[in-house]
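Text of the file run_17.cif, holding mmCIF, C-alpha atoms and all ligand atoms:
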data_upload
#
loop_
_atom_site.label_atom_id
_atom_site.label_comp_id
_atom_site.auth_asym_id
_atom_site.auth_seq_id
_atom_site.Cartn_x
_atom_site.Cartn_y
_atom_site.Cartn_z
CA MET A 1 0.00 0.00 0.00
CA THR A 2 1.10 3.59 -0.60
CA ARG A 3 2.61 5.42 2.32
CA ALA A 4 0.07 7.67 4.00
CA LEU A 5 -0.30 9.71 7.18
CA LEU A 6 -3.19 11.08 9.20
CA ALA A 7 -3.16 14.84 9.74
CA ILE A 8 -5.15 16.74 12.36
CA GLU A 9 -5.81 20.49 12.56
CA THR A 10 -7.55 22.15 15.52
CA SER A 11 -5.70 25.45 15.94
CA CYS A 12 -8.73 27.74 15.76
CA ASP A 13 -12.36 27.12 14.84
CA GLU A 14 -12.13 24.27 12.36
CA THR A 15 -11.89 20.64 13.45
CA ALA A 16 -10.16 18.91 10.57
CA ALA A 17 -8.63 15.55 9.70
CA ALA A 18 -7.13 14.26 6.46
CA VAL A 19 -5.28 11.27 5.10
CA VAL A 20 -2.47 12.37 2.80
CA ASP A 21 -0.16 10.16 0.72
CA ALA A 22 3.61 10.65 0.56
CA ASP A 23 3.19 12.11 -2.95
CA PHE A 24 0.70 14.64 -1.46
CA GLY A 25 -2.36 12.95 -2.91
CA VAL A 26 -5.29 13.68 -0.60
CA ARG A 27 -7.23 10.50 0.14
CA SER A 28 -9.70 12.25 2.42
CA SER A 29 -10.09 15.70 3.92
CA ILE A 30 -12.83 16.47 6.39
CA VAL A 31 -13.39 19.93 7.83
CA ALA A 32 -16.03 20.58 10.49
CA SER A 33 -16.49 24.31 10.83
CA GLN A 34 -17.59 25.92 14.08
CA VAL A 35 -18.68 29.06 12.25
CA GLU A 36 -22.28 28.84 13.45
CA LEU A 37 -21.18 28.37 17.04
CA HIS A 38 -19.17 31.60 17.03
CA ALA A 39 -21.21 33.67 14.54
CA GLY A 40 -23.33 35.37 17.18
CA PHE A 41 -20.20 36.58 18.98
CA GLY A 42 -18.60 38.17 15.90
CA GLY A 43 -15.41 36.16 16.46
CA VAL A 44 -14.03 32.93 17.90
CA VAL A 45 -14.70 32.29 21.61
CA PRO A 46 -11.68 30.18 22.72
CA GLU A 47 -13.46 28.20 25.46
CA LEU A 48 -16.31 27.26 23.12
CA ALA A 49 -13.82 26.31 20.41
CA SER A 50 -11.97 23.84 22.69
CA ARG A 51 -15.21 22.23 23.82
CA ALA A 52 -16.45 21.86 20.26
CA HIS A 53 -13.12 20.33 19.16
CA ILE A 54 -13.29 17.67 21.88
CA GLU A 55 -16.83 16.71 20.82
CA THR A 56 -16.02 16.61 17.13
CA ILE A 57 -12.46 15.33 16.80
CA THR A 58 -13.11 11.59 17.21
CA PRO A 59 -15.93 11.32 14.65
CA ILE A 60 -13.99 13.52 12.21
CA VAL A 61 -10.87 11.34 12.46
CA ALA A 62 -12.99 8.20 12.09
CA ARG A 63 -14.59 9.65 8.95
CA ALA A 64 -11.25 10.66 7.45
CA LEU A 65 -9.92 7.10 7.93
CA GLU A 66 -13.09 5.53 6.58
CA GLU A 67 -13.22 7.73 3.47
CA ALA A 68 -9.55 7.05 2.83
CA GLY A 69 -10.10 3.31 3.31
CA VAL A 70 -7.15 2.92 5.68
CA ALA A 71 -6.66 1.48 9.13
CA GLY A 72 -4.67 3.48 11.67
CA PRO A 73 -1.84 0.98 12.20
CA ASP A 74 -1.14 0.95 8.43
CA LEU A 75 -0.32 4.65 8.47
CA GLU A 76 3.23 5.93 8.67
CA ALA A 77 2.65 8.83 11.11
CA VAL A 78 0.15 11.12 12.75
CA ALA A 79 0.68 14.82 12.03
CA VAL A 80 -0.89 17.60 14.07
CA THR A 81 -0.78 21.38 14.22
CA SER A 82 1.35 22.38 17.22
CA GLY A 83 0.92 26.17 16.83
CA PRO A 84 0.29 29.02 16.44
CA GLY A 85 -3.29 29.10 17.62
CA LEU A 86 -5.56 28.96 20.65
CA VAL A 87 -3.89 26.91 23.36
CA GLY A 88 -6.99 24.95 24.40
CA ALA A 89 -7.86 24.22 20.79
CA LEU A 90 -4.32 23.05 19.96
CA LEU A 91 -4.29 20.82 23.05
CA VAL A 92 -7.26 18.82 21.80
CA GLY A 93 -5.54 18.02 18.49
CA ILE A 94 -2.18 17.26 20.07
CA ALA A 95 -3.61 14.99 22.79
CA THR A 96 -5.63 13.13 20.16
CA ALA A 97 -2.62 12.72 17.86
CA LYS A 98 -0.40 11.47 20.67
CA ALA A 99 -2.98 8.95 21.85
CA LEU A 100 -3.49 7.63 18.31
CA GLY A 101 0.26 7.47 17.68
CA LEU A 102 0.78 5.49 20.87
CA GLY A 103 -2.13 3.18 20.21
CA TRP A 104 -1.11 2.45 16.61
CA GLY A 105 2.62 2.34 17.38
CA ILE A 106 3.52 5.07 14.87
CA PRO A 107 5.38 8.40 15.28
CA VAL A 108 3.76 11.80 15.78
CA VAL A 109 4.94 15.00 14.14
CA GLY A 110 3.98 18.51 15.24
CA VAL A 111 3.53 20.97 12.37
CA ASN A 112 3.63 24.77 12.28
CA HIS A 113 0.22 25.95 11.01
CA LEU A 114 1.92 28.66 8.92
CA GLU A 115 4.08 26.05 7.20
CA GLY A 116 0.85 24.18 6.57
CA HIS A 117 -0.60 27.18 4.75
CA LEU A 118 2.64 27.62 2.77
CA ALA A 119 2.54 23.93 1.82
CA SER A 120 -1.11 24.18 0.73
CA VAL A 121 0.05 25.18 -2.77
CA TYR A 122 1.04 21.53 -3.39
CA LEU A 123 -2.65 20.65 -3.13
CA ALA A 124 -3.19 22.45 -6.44
CA ASP A 125 0.09 22.01 -8.26
CA ARG A 126 3.06 19.66 -7.70
CA ASP A 127 5.30 21.85 -9.86
CA VAL A 128 6.25 24.14 -6.99
CA ARG A 129 9.25 26.27 -7.92
CA PHE A 130 11.84 28.11 -5.84
CA PRO A 131 12.80 30.79 -4.99
CA GLN A 132 9.30 31.85 -4.30
CA THR A 133 7.71 35.11 -3.22
CA ALA A 134 5.05 33.98 -0.74
CA LEU A 135 2.20 36.01 0.70
CA LEU A 136 0.45 34.56 3.74
CA VAL A 137 -2.88 36.26 4.34
CA SER A 138 -5.16 34.75 6.97
CA GLY A 139 -7.18 35.67 10.03
CA GLY A 140 -4.09 35.67 12.22
CA HIS A 141 -1.34 36.72 9.82
CA CYS A 142 -0.38 39.02 7.02
CA MET A 143 3.21 38.55 5.96
CA LEU A 144 5.26 38.60 2.83
CA THR A 145 8.13 36.13 2.74
CA ARG A 146 10.57 34.66 0.27
CA ALA A 147 11.20 30.97 0.33
CA THR A 148 14.60 30.26 -1.16
CA GLU A 149 14.01 26.50 -0.85
CA PRO A 150 11.40 24.38 0.94
CA GLY A 151 11.41 25.25 4.63
CA HIS A 152 13.79 28.24 4.30
CA TYR A 153 12.07 31.58 4.60
CA GLU A 154 13.17 35.17 4.63
CA LEU A 155 10.74 37.74 6.04
CA LEU A 156 10.16 40.70 3.74
CA GLY A 157 7.51 42.39 5.85
CA GLU A 158 4.38 41.91 7.91
CA THR A 159 1.51 43.87 9.38
CA VAL A 160 2.14 46.34 12.17
CA ASP A 161 -1.42 45.96 13.48
CA ASP A 162 -4.34 43.86 12.18
CA SER A 163 -4.02 41.02 9.72
CA ILE A 164 -6.09 41.44 6.59
CA GLY A 165 -8.51 38.65 7.55
CA GLU A 166 -8.97 40.33 10.91
CA ALA A 167 -9.81 43.61 9.14
CA TYR A 168 -12.42 41.77 7.01
CA ASP A 169 -13.86 40.17 10.15
CA LYS A 170 -13.97 43.45 12.13
CA VAL A 171 -15.58 45.38 9.27
CA ALA A 172 -18.16 42.61 8.80
CA ARG A 173 -18.91 42.55 12.52
CA PHE A 174 -19.34 46.33 12.56
CA LEU A 175 -21.74 46.11 9.61
CA GLY A 176 -23.68 43.34 11.39
CA LEU A 177 -22.78 40.78 8.73
CA GLY A 178 -21.62 38.02 11.10
CA TYR A 179 -18.44 35.96 11.13
CA PRO A 180 -16.24 35.24 9.19
CA GLY A 181 -16.18 38.47 7.22
CA GLY A 182 -14.26 37.36 4.14
CA PRO A 183 -16.86 35.40 2.21
CA VAL A 184 -19.76 37.78 2.96
CA LEU A 185 -17.83 40.95 2.11
CA ASP A 186 -16.58 39.33 -1.10
CA ARG A 187 -20.12 38.39 -2.05
CA LEU A 188 -21.48 41.90 -1.38
CA ALA A 189 -18.54 43.49 -3.19
CA GLY A 190 -19.23 41.30 -6.20
CA ALA A 191 -22.96 42.06 -6.15
CA GLY A 192 -22.72 45.16 -8.27
CA GLY A 193 -20.82 47.27 -5.74
CA GLU A 194 -18.22 49.68 -7.07
CA ASP A 195 -15.18 51.28 -5.49
CA ARG A 196 -16.67 54.77 -5.18
CA LEU A 197 -15.62 55.65 -1.65
CA GLY A 198 -11.85 55.85 -2.10
CA PHE A 199 -10.86 54.46 1.30
CA PRO A 200 -7.16 54.87 2.16
CA ARG A 201 -4.58 52.36 0.90
CA PRO A 202 -2.39 52.21 4.02
CA MET A 203 1.39 52.05 3.72
CA LEU A 204 1.20 51.66 -0.02
CA SER A 205 4.72 52.96 -0.56
CA ASP A 206 6.16 51.67 2.70
CA GLY A 207 8.33 48.77 1.59
CA TYR A 208 6.79 45.47 2.54
CA THR A 209 5.07 46.60 5.73
CA PHE A 210 1.29 46.28 5.98
CA SER A 211 -1.29 48.04 8.14
CA PHE A 212 -5.03 47.49 8.05
CA SER A 213 -6.34 49.02 11.23
CA GLY A 214 -6.55 52.57 9.76
CA LEU A 215 -8.52 51.26 6.79
CA LYS A 216 -10.96 49.53 9.13
CA THR A 217 -11.36 52.79 11.09
CA ALA A 218 -11.96 54.72 7.85
CA VAL A 219 -14.80 52.31 7.01
CA VAL A 220 -16.29 52.67 10.50
CA ASN A 221 -16.09 56.49 10.33
CA TYR A 222 -17.68 56.57 6.89
CA VAL A 223 -20.58 54.35 7.98
CA ARG A 224 -21.14 56.37 11.18
CA SER A 225 -21.33 59.65 9.31
CA ASN A 226 -23.42 58.27 6.41
CA PRO A 227 -26.39 56.44 7.93
CA ALA A 228 -27.86 55.90 4.46
CA PHE A 229 -24.74 54.05 3.29
CA GLU A 230 -25.04 51.25 0.74
CA VAL A 231 -23.55 48.08 2.11
CA GLU A 232 -22.49 46.77 -1.33
CA GLU A 233 -20.64 49.99 -2.03
CA VAL A 234 -18.88 49.92 1.36
CA ALA A 235 -17.91 46.27 0.84
CA ALA A 236 -16.66 46.89 -2.70
CA SER A 237 -14.65 49.94 -1.66
CA PHE A 238 -13.15 48.13 1.34
CA VAL A 239 -12.23 45.02 -0.69
CA ALA A 240 -10.72 47.19 -3.45
CA ALA A 241 -8.55 49.06 -0.93
CA CYS A 242 -7.33 45.77 0.63
CA MET A 243 -6.57 44.23 -2.72
CA ASP A 244 -4.77 47.32 -4.05
CA VAL A 245 -2.42 47.13 -1.05
CA LEU A 246 -1.71 43.42 -1.48
CA ILE A 247 -1.16 43.71 -5.21
CA ALA A 248 1.12 46.75 -4.81
CA LYS A 249 3.36 44.87 -2.36
CA LEU A 250 3.45 41.79 -4.57
CA ARG A 251 4.33 43.92 -7.56
CA ARG A 252 7.18 45.51 -5.62
CA ALA A 253 8.54 42.07 -4.67
CA LEU A 254 8.28 40.78 -8.23
CA GLU A 255 10.12 43.90 -9.46
CA GLU A 256 12.83 43.50 -6.83
CA PHE A 257 13.39 39.73 -6.89
CA GLY A 258 11.81 38.47 -10.10
CA ASP A 259 11.14 35.07 -8.52
CA PRO A 260 9.89 32.31 -10.84
CA ALA A 261 7.00 31.54 -8.48
CA LEU A 262 4.47 33.62 -6.56
CA ALA A 263 2.61 31.81 -3.77
CA ILE A 264 -0.52 33.18 -2.14
CA VAL A 265 -1.84 31.24 0.84
CA GLY A 266 -4.12 31.57 3.89
CA GLY A 267 -7.87 32.08 4.24
CA VAL A 268 -7.90 35.35 2.26
CA ALA A 269 -6.48 33.41 -0.72
CA ALA A 270 -10.06 32.11 -1.06
CA SER A 271 -11.05 35.59 -2.28
CA PRO A 272 -12.06 35.42 -5.95
CA VAL A 273 -10.90 39.02 -6.46
CA LEU A 274 -7.45 38.25 -5.06
CA ARG A 275 -7.20 35.06 -7.12
CA GLU A 276 -8.07 36.92 -10.30
CA ARG A 277 -5.80 39.89 -9.69
CA ALA A 278 -2.90 37.65 -8.60
CA GLN A 279 -3.26 35.59 -11.78
CA ALA A 280 -3.15 38.74 -13.91
CA LEU A 281 -0.09 39.97 -12.00
CA ALA A 282 1.70 36.63 -12.38
CA GLU A 283 1.03 36.67 -16.13
CA GLU A 284 2.31 40.22 -16.38
CA TYR A 285 5.61 39.20 -14.73
CA GLY A 286 5.86 35.78 -16.35
CA THR A 287 5.92 34.05 -12.98
CA ARG A 288 4.04 30.92 -11.91
CA LEU A 289 1.13 31.57 -9.57
CA LEU A 290 0.94 28.98 -6.80
CA ILE A 291 -2.36 29.13 -4.96
CA PRO A 292 -4.28 26.39 -3.13
CA PRO A 293 -7.67 25.27 -4.44
CA GLN A 294 -10.23 27.72 -3.06
CA LYS A 295 -11.56 25.21 -0.51
CA MET A 296 -8.06 24.47 0.77
CA ALA A 297 -7.13 28.13 1.34
CA THR A 298 -8.94 28.27 4.66
CA ASP A 299 -7.89 26.00 7.52
CA ASN A 300 -7.83 22.29 6.73
CA ALA A 301 -5.80 19.23 7.68
CA ALA A 302 -4.63 18.25 4.18
CA MET A 303 -2.18 21.17 4.16
CA ILE A 304 -0.87 20.04 7.56
CA GLY A 305 -0.32 16.59 6.07
CA VAL A 306 1.72 17.94 3.16
CA ALA A 307 3.88 20.08 5.48
CA ALA A 308 4.32 17.03 7.73
CA TRP A 309 5.82 14.95 4.90
CA HIS A 310 8.39 17.73 4.31
CA LYS A 311 9.14 17.95 8.03
CA LEU A 312 9.43 14.19 8.51
CA ALA A 313 11.88 13.98 5.60
CA VAL A 314 14.17 16.65 7.07
CA PHE A 315 13.75 16.44 10.85
CA GLY A 316 11.94 13.16 11.55
CA PRO A 317 9.17 12.84 14.17
CA SER A 318 8.73 15.27 17.07
CA ALA A 319 9.96 14.51 20.60
CA PRO A 320 7.29 12.60 22.52
CA SER A 321 7.00 15.50 24.99
CA PHE A 322 6.11 18.20 22.43
CA GLY A 323 3.22 20.47 23.32
CA PRO A 324 1.21 23.43 22.02
CA GLU A 325 3.05 26.61 21.03
CA PRO A 326 0.33 29.29 20.76
CA ASP A 327 2.80 31.96 19.54
CA LEU A 328 4.86 29.79 17.21
CA ARG A 329 6.37 31.77 14.34
CA LEU A 330 8.04 30.82 11.09
CA GLN A 331 11.77 30.25 11.43
CA PHE A 332 13.54 32.79 9.24
CA SER A 333 16.99 32.00 7.94
O1 LIG B 1 -6.42 30.65 7.17
P1 LIG B 1 -7.69 30.85 7.91
O2 LIG B 1 -8.81 29.86 7.67
O3 LIG B 1 -7.44 30.88 9.45
C1 LIG B 1 -6.29 31.44 10.03
O4 LIG B 1 -5.23 30.78 9.99
O5 LIG B 1 -6.41 32.60 10.49
O6 LIG B 1 -8.18 32.32 7.57
C2 LIG B 1 -9.40 32.82 8.04
C3 LIG B 1 -9.58 34.23 7.52
C4 LIG B 1 -10.78 34.95 8.12
O7 LIG B 1 -10.35 36.21 8.59
C5 LIG B 1 -11.74 35.07 6.94
O8 LIG B 1 -12.53 36.25 6.99
C6 LIG B 1 -10.80 35.09 5.76
O9 LIG B 1 -9.77 34.20 6.10
N1 LIG B 1 -11.48 34.62 4.55
C7 LIG B 1 -11.60 35.36 3.43
C8 LIG B 1 -12.38 34.59 2.54
N2 LIG B 1 -12.67 33.40 3.12
C9 LIG B 1 -12.10 33.45 4.36
N3 LIG B 1 -11.17 36.59 3.14
C10 LIG B 1 -11.48 37.09 1.93
N4 LIG B 1 -12.22 36.42 1.02
C11 LIG B 1 -12.69 35.17 1.28
N5 LIG B 1 -13.43 34.54 0.38
ZN ZN B 2 -4.94 29.24 9.04
#

Any chance you could put this one into C-alpha cells?
Amino acid sequence: MTRALLAIETSCDETAAAVVDADFGVRSSIVASQVELHAGFGGVVPELASRAHIETITPIVARALEEAGVAGPDLEAVAVTSGPGLVGALLVGIATAKALGLGWGIPVVGVNHLEGHLASVYLADRDVRFPQTALLVSGGHCMLTRATEPGHYELLGETVDDSIGEAYDKVARFLGLGYPGGPVLDRLAGAGGEDRLGFPRPMLSDGYTFSFSGLKTAVVNYVRSNPAFEVEEVAASFVAACMDVLIAKLRRALEEFGDPALAIVGGVAASPVLRERAQALAEEYGTRLLIPPQKMATDNAAMIGVAAWHKLAVFGPSAPSFGPEPDLRLQFS
C-alpha cells in the first residue's frame, strides 16, 4: 500500500482531519467548521472552540480514515498542528494525535500551522518552484516572505497591526454581517458594488510593511457619518482598498526579486478578487502563480499533512513531549 499519514488540525475554529499520501495525494479531507457556534459573537470564543473540538475530533478522524479506506496501524505517522493558535484548541488536536500514535505504534509529528498554509500550494500544483515570493494572508497573519528552498524563509515584511482577515472580520462585525467576514464581504462586493468611496490604501509605498487598522477605522467612520450608506458599495470599496495594497506589495517584490513563483496562501487566498488579480499579475511578470484550491485556502488538515511529509523527511518525528506553542512563528533564515 502507498505510504500515508493522518493529519489533524484544531488550531482555531475548524476541526479537521485528512489522510495524505507521501506524494501529497489527498485520500480524504474532512473539515467541520464551528462558524455557526461563534457567529453570534462576531469572532471565535476560545473556550467554546476547545469544547467543540473535543466533541467533534473523534468522529472527524474516524470519517477521514473511513473515506480514505485505511486502518490506523497501516499509516506511517500522525501529524498535528502544534501552533500558532488557541492553546486549548491546539491541546485537543495534540492529545488526540499522541494517543493515536501510541495506540497504533507510529510516530507523531507537530507541524507549524503557517508552514501548513505555505505547503497548501502543493494541493493544487506539484510543480512548486523556488525561490518563491510567498504572501500569507489569513485571520491571524499578514506577511510577505521569500522561500529560497522548501522550509527556508526570509521575512520581507508583515503587518504592524491587524491582519487582513482580521480587518475583514472586524468590518463585517461592525456592519452586522456576522463571522467570518471574508466570504460575505466578497459576495457583497461582487454584487454590483463599485469602489466609489476611495478608502485609504495604508502604507502603499512603505516597503513590505502592511497596516489594516486605519482602513478599518476609515470604514467605520464613513458608515457612522453616512447612515444611508449602501452596504455593497462599502464592501466593494473596502475590498478594493485591501486588494490594491496586497497587489502593490506583490508587484514591488516581483520587481525587486523576479522570482519564478508567486505563492498566495491563507484564508484570504479564497477571495475570488485576489485570485483573479494575482493571476493577472503573475502573467504580467511571467511568474508561476501557486495558490491552493479555493476550498483548501482556509484551515484544513490536508495542508498540515503535506507540510508534515516535508518535516518528517528533514527532521523526523517530534519529541514525545512536544506540546502546544500558541505563539509559534516561522523560522527565518
Ligand atoms: O487561514 P484561515 O482559515 O485561518 C487562520 O489561519 O487565520 O483564515 C481565516 C480568515 C478569516 O479572517 C476570513 O474572513 C478570511 O480568512 N477569509 C476570506 C475569505 N474566506 C475566508 N477573506 C477574503 N475572502 C474570502 N473569500
Ligand atoms: Zn490558518

query = So which one's closest to ligand LIG 1 (chain B), A:Val20, A:Ala253, A:Ala167, A:Ala308? Using only C-alpha atoms and all ligand atoms, please.
reply =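 Of the candidates, the smallest distance to ligand LIG 1 (chain B) is held by A:Ala167.
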
From atom CA of A:Ala301 to atom CA of A:Glu9 the spacing works out at 5.0 Å

What gap, in Å, lies between atom CA of A:Ala22 and atom CA of A:Asp127?
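Value for the atom CA of A:Ala22-atom CA of A:Asp127 distance: 15.4 Å.
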
* Could you list, as a ChimeraX atom specification, all the residues within 8 Å of ligand ZN 2 (chain B), counting all atoms listed in the file? -> /A:11-12,113-114,117,138-140,266-267,298-300

Near-ligand residues for ligand LIG 1 (chain B), threshold 9 Å, only C-alpha atoms and all ligand atoms, as a PyMOL selection string: chain A and resi 11-14+84-85+113-114+117+136-141+163-170+172+179-187+239+265-274+294+296-300

**Report entry** Test item: which residues lie within 8 Å of (-15.8, 25.5, 17.3) counting only C-alpha atoms, as a ChimeraX atom specification
**Finding:** /A:12-15,33-35,37-38,44,48-53

May I ask for the distance between atom CA of A:Thr159 and atom CA of A:Arg201, given in Å to one decimal place?
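Between atom CA of A:Thr159 and atom CA of A:Arg201 the gap is 13.5 Å.
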
What lies within 7 Å of A:Gly116 using all atoms listed in the file, ignoring chain neighbours under 3 positions off, as a CSV table (one decimal) with C-alpha atoms, keeping the file's coordinate frame?
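Below is the file selection_30.csv, written as the result:
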chain,number,residue,atom,x,y,z
A,112,ASN,CA,3.6,24.8,12.3
A,113,HIS,CA,0.2,26.0,11.0
A,119,ALA,CA,2.5,23.9,1.8
A,120,SER,CA,-1.1,24.2,0.7
A,303,MET,CA,-2.2,21.2,4.2
A,304,ILE,CA,-0.9,20.0,7.6
A,307,ALA,CA,3.9,20.1,5.5

I'd like the box whose edges run along x, y and z of the file and which contains every listed atom of stretch 300-307 of chain A, padded by 6 Å per side; could you state its centre and edge lengths in Å, one decimal, as JSON?
{"center_x": -2.0, "center_y": 19.4, "center_z": 5.4, "size_x": 23.7, "size_y": 17.7, "size_z": 16.5}

One residue among A:Ala124, A:Ser205, A:Leu175, A:Asn221 is nearest to A:Gly42 when using only C-alpha atoms, and that residue is A:Leu175

Query raised in the report: Using all atoms listed in the file, which of A:Leu188, A:Val160, A:Leu254, A:Val19 sits nearest A:Ser237?
Result: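 Of all the options, A:Leu188 lies closest to A:Ser237.
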
* To do: Would you mind listing what lies within 12 Å of A:Met203 as a PyMOL selection string, with all atoms listed in the file counted and same-chain residues fewer than 6 positions away left out?
  => chain A and resi 157-161+209-215+241-242+244-246+248-249

Open item on the list: Residues within 8 Å of A:Gly193, please, as a PyMOL selection string. Count only C-alpha atoms; anything in the same chain fewer than 2 positions from it doesn't count.
Closed with: chain A and resi 188-191+195+232-237

Residue among A:Tyr208, A:Pro73, A:Val171, A:His310 lying closest to A:Cys142, counting only C-alpha atoms
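Nearest candidate to A:Cys142 out of A:Tyr208, A:Pro73, A:Val171, A:His310: A:Tyr208.
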
For A:Phe257, please output as a PyMOL selection string all residues within 12 Å (counting all atoms listed in the file; exclusion window: fewer than 4 positions along the same chain).
chain A and resi 130-134+145-148+156+250-253+261-262+285+287
